[in-house]
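What's in entry_32.cif: mmCIF, C-alpha atoms, pLDDT in the B column; chains and numbers go by the auth columns
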data_model
loop_
_atom_site.group_PDB
_atom_site.id
_atom_site.type_symbol
_atom_site.label_atom_id
_atom_site.label_comp_id
_atom_site.label_asym_id
_atom_site.label_seq_id
_atom_site.Cartn_x
_atom_site.Cartn_y
_atom_site.Cartn_z
_atom_site.B_iso_or_equiv
_atom_site.auth_seq_id
_atom_site.auth_asym_id
ATOM 1 C CA MET A 1 0.000 0.000 0.000 59.00 1 D
ATOM 2 C CA ALA A 2 1.197 3.485 -0.845 65.00 2 D
ATOM 3 C CA GLU A 3 1.807 5.793 2.026 72.00 3 D
ATOM 4 C CA LYS A 4 0.002 9.056 2.173 72.00 4 D
ATOM 5 C CA ILE A 5 2.285 12.090 2.225 69.00 5 D
ATOM 6 C CA VAL A 6 1.264 14.685 4.742 65.00 6 D
ATOM 7 C CA VAL A 7 2.161 18.274 3.881 58.00 7 D
ATOM 8 C CA PRO A 8 2.581 20.580 6.861 60.00 8 D
ATOM 9 C CA PRO A 9 0.063 23.471 6.770 61.00 9 D
ATOM 10 C CA ARG A 10 2.755 26.154 6.571 59.00 10 D
ATOM 11 C CA LEU A 11 4.051 24.645 3.306 54.00 11 D
ATOM 12 C CA ALA A 12 0.588 24.108 1.816 53.00 12 D
ATOM 13 C CA ARG A 13 -0.029 27.853 1.387 58.00 13 D
ATOM 14 C CA PRO A 14 0.309 29.186 -2.166 61.00 14 D
ATOM 15 C CA ILE A 15 3.549 30.922 -2.853 60.00 15 D
ATOM 16 C CA THR A 16 2.953 34.524 -3.815 63.00 16 D
ATOM 17 C CA THR A 17 5.427 36.807 -5.464 68.00 17 D
ATOM 18 C CA ALA A 18 5.524 40.561 -5.446 66.00 18 D
ATOM 19 C CA PRO A 19 4.027 42.143 -8.562 69.00 19 D
ATOM 20 C CA ALA A 20 6.606 43.199 -11.120 70.00 20 D
ATOM 21 C CA ARG A 21 7.484 46.866 -11.174 80.00 21 D
ATOM 22 C CA LYS A 22 6.285 48.969 -14.078 80.00 22 D
ATOM 23 C CA GLY A 23 8.763 48.817 -16.907 82.00 23 D
ATOM 24 C CA ALA A 24 10.592 45.798 -15.511 84.00 24 D
ATOM 25 C CA VAL A 25 9.969 43.736 -18.640 84.00 25 D
ATOM 26 C CA LEU A 26 11.092 46.556 -20.930 86.00 26 D
ATOM 27 C CA ALA A 27 14.193 47.212 -18.812 88.00 27 D
ATOM 28 C CA GLY A 28 14.925 43.495 -18.810 87.00 28 D
ATOM 29 C CA TRP A 29 14.736 43.348 -22.604 87.00 29 D
ATOM 30 C CA LEU A 30 16.810 46.495 -23.133 89.00 30 D
ATOM 31 C CA SER A 31 19.611 45.279 -20.846 90.00 31 D
ATOM 32 C CA SER A 32 19.545 41.585 -21.722 88.00 32 D
ATOM 33 C CA THR A 33 22.564 39.874 -23.217 88.00 33 D
ATOM 34 C CA ASP A 34 20.564 36.803 -24.223 89.00 34 D
ATOM 35 C CA HIS A 35 21.041 36.158 -27.934 87.00 35 D
ATOM 36 C CA LYS A 36 17.367 35.343 -28.486 91.00 36 D
ATOM 37 C CA VAL A 37 16.166 38.580 -26.888 92.00 37 D
ATOM 38 C CA ILE A 38 18.665 40.639 -28.908 93.00 38 D
ATOM 39 C CA GLY A 39 17.567 38.809 -32.063 94.00 39 D
ATOM 40 C CA TYR A 40 13.922 39.609 -31.323 95.00 40 D
ATOM 41 C CA MET A 41 14.837 43.271 -30.736 95.00 41 D
ATOM 42 C CA TYR A 42 16.577 43.325 -34.137 96.00 42 D
ATOM 43 C CA LEU A 43 13.491 41.809 -35.781 97.00 43 D
ATOM 44 C CA ILE A 44 11.048 44.182 -34.088 97.00 44 D
ATOM 45 C CA THR A 45 13.148 47.257 -34.870 97.00 45 D
ATOM 46 C CA SER A 46 13.745 46.239 -38.476 97.00 46 D
ATOM 47 C CA PHE A 47 9.997 45.718 -38.916 97.00 47 D
ATOM 48 C CA ALA A 48 9.391 49.229 -37.543 97.00 48 D
ATOM 49 C CA PHE A 49 11.845 50.622 -40.094 97.00 49 D
ATOM 50 C CA PHE A 50 10.073 48.534 -42.757 97.00 50 D
ATOM 51 C CA CYS A 51 6.798 50.264 -41.869 97.00 51 D
ATOM 52 C CA PHE A 52 8.513 53.677 -41.987 97.00 52 D
ATOM 53 C CA ALA A 53 9.938 52.892 -45.433 96.00 53 D
ATOM 54 C CA GLY A 54 6.449 51.759 -46.486 97.00 54 D
ATOM 55 C CA VAL A 55 5.045 55.172 -45.592 97.00 55 D
ATOM 56 C CA ILE A 56 7.817 56.746 -47.660 96.00 56 D
ATOM 57 C CA ALA A 57 6.903 54.444 -50.558 96.00 57 D
ATOM 58 C CA LEU A 58 3.286 55.577 -50.291 97.00 58 D
ATOM 59 C CA LEU A 59 4.399 59.207 -50.517 95.00 59 D
ATOM 60 C CA ILE A 60 6.420 58.358 -53.623 94.00 60 D
ATOM 61 C CA ARG A 61 3.402 56.621 -55.174 95.00 61 D
ATOM 62 C CA VAL A 62 1.161 59.601 -54.465 95.00 62 D
ATOM 63 C CA GLN A 63 3.653 61.809 -56.281 94.00 63 D
ATOM 64 C CA LEU A 64 3.684 59.432 -59.263 93.00 64 D
ATOM 65 C CA MET A 65 -0.092 59.106 -59.395 94.00 65 D
ATOM 66 C CA SER A 66 -0.538 61.734 -62.087 91.00 66 D
ATOM 67 C CA PRO A 67 1.716 63.734 -64.404 90.00 67 D
ATOM 68 C CA ASP A 68 2.893 67.141 -63.197 87.00 68 D
ATOM 69 C CA ASN A 69 1.835 66.337 -59.638 89.00 69 D
ATOM 70 C CA ASP A 70 3.008 68.870 -57.056 90.00 70 D
ATOM 71 C CA PHE A 71 2.540 66.725 -53.949 93.00 71 D
ATOM 72 C CA VAL A 72 6.277 66.950 -53.200 92.00 72 D
ATOM 73 C CA SER A 73 8.989 69.010 -54.854 88.00 73 D
ATOM 74 C CA PRO A 74 11.627 67.363 -57.064 84.00 74 D
ATOM 75 C CA ALA A 75 14.220 67.747 -54.288 84.00 75 D
ATOM 76 C CA GLN A 76 11.861 66.183 -51.729 88.00 76 D
ATOM 77 C CA TYR A 77 11.070 63.360 -54.160 89.00 77 D
ATOM 78 C CA ASN A 78 14.789 62.593 -54.502 86.00 78 D
ATOM 79 C CA GLN A 79 15.111 62.632 -50.713 90.00 79 D
ATOM 80 C CA LEU A 80 12.184 60.227 -50.343 92.00 80 D
ATOM 81 C CA PHE A 81 13.540 57.943 -53.063 90.00 81 D
ATOM 82 C CA THR A 82 17.035 57.912 -51.562 89.00 82 D
ATOM 83 C CA MET A 83 15.874 57.294 -48.010 92.00 83 D
ATOM 84 C CA HIS A 84 13.387 54.605 -49.038 93.00 84 D
ATOM 85 C CA GLY A 85 16.113 52.568 -50.726 90.00 85 D
ATOM 86 C CA THR A 86 18.604 53.161 -47.925 90.00 86 D
ATOM 87 C CA ILE A 87 16.157 52.201 -45.192 94.00 87 D
ATOM 88 C CA MET A 88 14.955 49.085 -46.997 94.00 88 D
ATOM 89 C CA LEU A 89 18.485 47.905 -47.680 91.00 89 D
ATOM 90 C CA LEU A 90 20.385 48.940 -44.557 93.00 90 D
ATOM 91 C CA LEU A 91 17.700 49.147 -41.872 95.00 91 D
ATOM 92 C CA PHE A 92 15.364 46.340 -42.903 96.00 92 D
ATOM 93 C CA ALA A 93 16.890 43.606 -45.073 95.00 93 D
ATOM 94 C CA THR A 94 20.314 43.306 -43.445 94.00 94 D
ATOM 95 C CA PRO A 95 19.141 43.617 -39.793 95.00 95 D
ATOM 96 C CA THR A 96 16.371 41.093 -40.421 96.00 96 D
ATOM 97 C CA PHE A 97 19.018 38.573 -41.443 95.00 97 D
ATOM 98 C CA VAL A 98 21.104 39.535 -38.385 93.00 98 D
ATOM 99 C CA GLY A 99 18.056 39.106 -36.128 94.00 99 D
ATOM 100 C CA PHE A 100 17.237 35.635 -37.452 94.00 100 D
ATOM 101 C CA THR A 101 20.900 34.672 -37.176 93.00 101 D
ATOM 102 C CA ASN A 102 21.039 35.896 -33.571 92.00 102 D
ATOM 103 C CA VAL A 103 18.018 33.803 -32.655 91.00 103 D
ATOM 104 C CA VAL A 104 18.821 30.607 -34.546 91.00 104 D
ATOM 105 C CA MET A 105 22.585 30.193 -34.989 89.00 105 D
ATOM 106 C CA PRO A 106 23.632 29.512 -31.375 86.00 106 D
ATOM 107 C CA LEU A 107 20.782 27.003 -31.111 85.00 107 D
ATOM 108 C CA GLN A 108 21.919 25.253 -34.295 84.00 108 D
ATOM 109 C CA ILE A 109 25.506 24.822 -33.178 87.00 109 D
ATOM 110 C CA GLY A 110 24.577 23.982 -29.592 85.00 110 D
ATOM 111 C CA ALA A 111 26.254 27.007 -28.021 84.00 111 D
ATOM 112 C CA PRO A 112 24.744 28.470 -24.854 80.00 112 D
ATOM 113 C CA ASP A 113 25.152 32.030 -26.168 81.00 113 D
ATOM 114 C CA VAL A 114 27.078 34.094 -28.699 83.00 114 D
ATOM 115 C CA ALA A 115 30.785 34.699 -28.153 85.00 115 D
ATOM 116 C CA PHE A 116 30.555 38.329 -27.000 89.00 116 D
ATOM 117 C CA PRO A 117 27.019 39.000 -25.725 88.00 117 D
ATOM 118 C CA ARG A 118 27.667 42.583 -24.585 92.00 118 D
ATOM 119 C CA LEU A 119 29.189 43.442 -27.942 92.00 119 D
ATOM 120 C CA ASN A 120 26.120 41.883 -29.540 90.00 120 D
ATOM 121 C CA LEU A 121 23.882 44.209 -27.493 93.00 121 D
ATOM 122 C CA LEU A 122 26.093 47.190 -28.364 95.00 122 D
ATOM 123 C CA SER A 123 25.751 46.392 -32.068 94.00 123 D
ATOM 124 C CA TYR A 124 21.955 46.444 -31.683 96.00 124 D
ATOM 125 C CA TYR A 125 22.070 49.868 -30.016 97.00 125 D
ATOM 126 C CA LEU A 126 24.365 51.226 -32.724 97.00 126 D
ATOM 127 C CA PHE A 127 21.887 49.948 -35.317 97.00 127 D
ATOM 128 C CA LEU A 128 18.926 51.482 -33.460 97.00 128 D
ATOM 129 C CA PHE A 129 20.425 54.916 -32.857 97.00 129 D
ATOM 130 C CA GLY A 130 21.996 55.084 -36.323 96.00 130 D
ATOM 131 C CA GLY A 131 18.620 54.274 -37.845 96.00 131 D
ATOM 132 C CA LEU A 132 16.898 56.907 -35.733 96.00 132 D
ATOM 133 C CA ILE A 133 19.444 59.505 -36.807 95.00 133 D
ATOM 134 C CA LEU A 134 18.870 58.498 -40.434 93.00 134 D
ATOM 135 C CA ALA A 135 15.093 58.731 -40.001 93.00 135 D
ATOM 136 C CA CYS A 136 15.372 62.140 -38.337 94.00 136 D
ATOM 137 C CA SER A 137 17.408 63.509 -41.247 92.00 137 D
ATOM 138 C CA PHE A 138 14.159 64.611 -42.896 90.00 138 D
ATOM 139 C CA ILE A 139 13.737 67.346 -40.296 91.00 139 D
ATOM 140 C CA ALA A 140 17.327 68.593 -40.638 90.00 140 D
ATOM 141 C CA PRO A 141 17.650 72.097 -42.123 87.00 141 D
ATOM 142 C CA GLY A 142 19.113 70.864 -45.424 83.00 142 D
ATOM 143 C CA GLY A 143 16.959 67.753 -45.629 84.00 143 D
ATOM 144 C CA SER A 144 18.126 64.202 -46.038 87.00 144 D
ATOM 145 C CA ALA A 145 20.329 62.665 -48.698 82.00 145 D
ATOM 146 C CA ALA A 146 18.966 63.159 -52.214 77.00 146 D
ATOM 147 C CA PHE A 147 21.250 61.386 -54.686 74.00 147 D
ATOM 148 C CA GLY A 148 19.360 58.142 -55.279 69.00 148 D
ATOM 149 C CA TRP A 149 19.808 55.098 -53.092 61.00 149 D
ATOM 150 C CA TYR A 150 22.551 53.656 -55.279 63.00 150 D
ATOM 151 C CA ALA A 151 24.949 56.648 -54.933 67.00 151 D
ATOM 152 C CA TYR A 152 26.846 55.986 -58.159 70.00 152 D
ATOM 153 C CA ALA A 153 29.583 58.542 -58.805 70.00 153 D
ATOM 154 C CA PRO A 154 28.280 60.345 -61.901 70.00 154 D
ATOM 155 C CA LEU A 155 24.735 60.549 -60.555 66.00 155 D
ATOM 156 C CA ASN A 156 25.491 61.792 -57.048 66.00 156 D
ATOM 157 C CA SER A 157 27.293 64.975 -58.102 69.00 157 D
ATOM 158 C CA ALA A 158 25.772 68.339 -57.281 67.00 158 D
ATOM 159 C CA GLY A 159 24.921 69.098 -60.901 68.00 159 D
ATOM 160 C CA GLN A 160 22.640 66.061 -61.159 64.00 160 D
ATOM 161 C CA LEU A 161 20.460 67.029 -58.198 62.00 161 D
ATOM 162 C CA PRO A 162 17.413 69.246 -58.747 59.00 162 D
ATOM 163 C CA GLY A 163 17.403 72.069 -56.268 59.00 163 D
ATOM 164 C CA HIS A 164 20.875 71.142 -55.053 53.00 164 D
ATOM 165 C CA ARG A 165 22.386 72.986 -52.148 55.00 165 D
ATOM 166 C CA PRO A 166 25.807 74.699 -52.370 49.00 166 D
#
Would it be possible to restate this file's structure as structure tokens?
Amino acid sequence: MAEKIVVPPRLARPITTAPARKGAVLAGWLSSTDHKVIGYMYLITSFAFFCFAGVIALLIRVQLMSPDNDFVSPAQYNQLFTMHGTIMLLLFATPTFVGFTNVVMPLQIGAPDVAFPRLNLLSYYLFLFGGLILACSFIAPGGSAAFGWYAYAPLNSAGQLPGHRP
């Protein structure tokens, strides 16, 4: 016959924990050196930049909706075109690959974490703040870059830009 286990009353009470402080989850994510959390932050941030570039693409399409449309000036159109390509290439496509790699690669090779987790977190913050600076270039006094997203040498000279600045 199986013996009945008696639990003392003081141990039978439910264990309660203190409620988490406001912002504890966000602070935990922003200071984490876990490769999966950093990978998710890359993916979330790159998706936010994808949405921003989508809004820029909509502005470009509104300008191209009809001939001689004056929705944006030629200089602003070049800025939108340049920044759309730059954001899609450098702030969405590449960081999305980096995010997936951060999440999956250590799991595939059986490593507990990446080699330098703090450097991994620093690279995310450099990506985030660099992207924010790039996105805020529209409100700069001279505007953002306006030479086309490819930046080929004959086409990025001052003479090729409509409304170029000295």
Residues picked by the PyMOL selection byres ((chain D and resi 82) around 12) here, as a PyMOL selection string?
chain D and resi 53+56-57+60+75-81+83-90+134-135+137-138+143-152+156+161
Just the number, please: distance in Å from CA of Tyr124 (chain D) to CA of Pro106 (chain D), one decimal.
17.0 Å
Would you work out the distance separating CA of Ala27 (chain D) from CA of Phe92 (chain D), expressed in Å to one decimal?
24.1 Å
Nearest to Thr101 (chain D): which of D:Leu30, D:Val114, D:Val72, D:Cys51 is it, counting only C-alpha atoms?
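Checking each of D:Leu30, D:Val114, D:Val72, D:Cys51 against Thr101 (chain D), counting only C-alpha atoms, the winner is D:Val114.
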Expected selection from the PyMOL selection byres ((chain D and resi 102) around 12), given as number ranges by chain
D: 33-43, 95-101, 103-109, 111, 113-117, 120-121, 123-124
Calculate how many Å separate CA of Leu91 (chain D) from CA of Val55 (chain D), rounding to one decimal.
14.5 Å
Return as lines of an AutoDock Vina configuration file the box centre and box size in Å, one decimal, for an axis-aligned box around all listed atoms of region 86-104 of chain D padded by 3 Å per side.
center_x = 18.0
center_y = 41.9
center_z = -40.3
size_x = 12.1
size_y = 28.6
size_z = 21.3
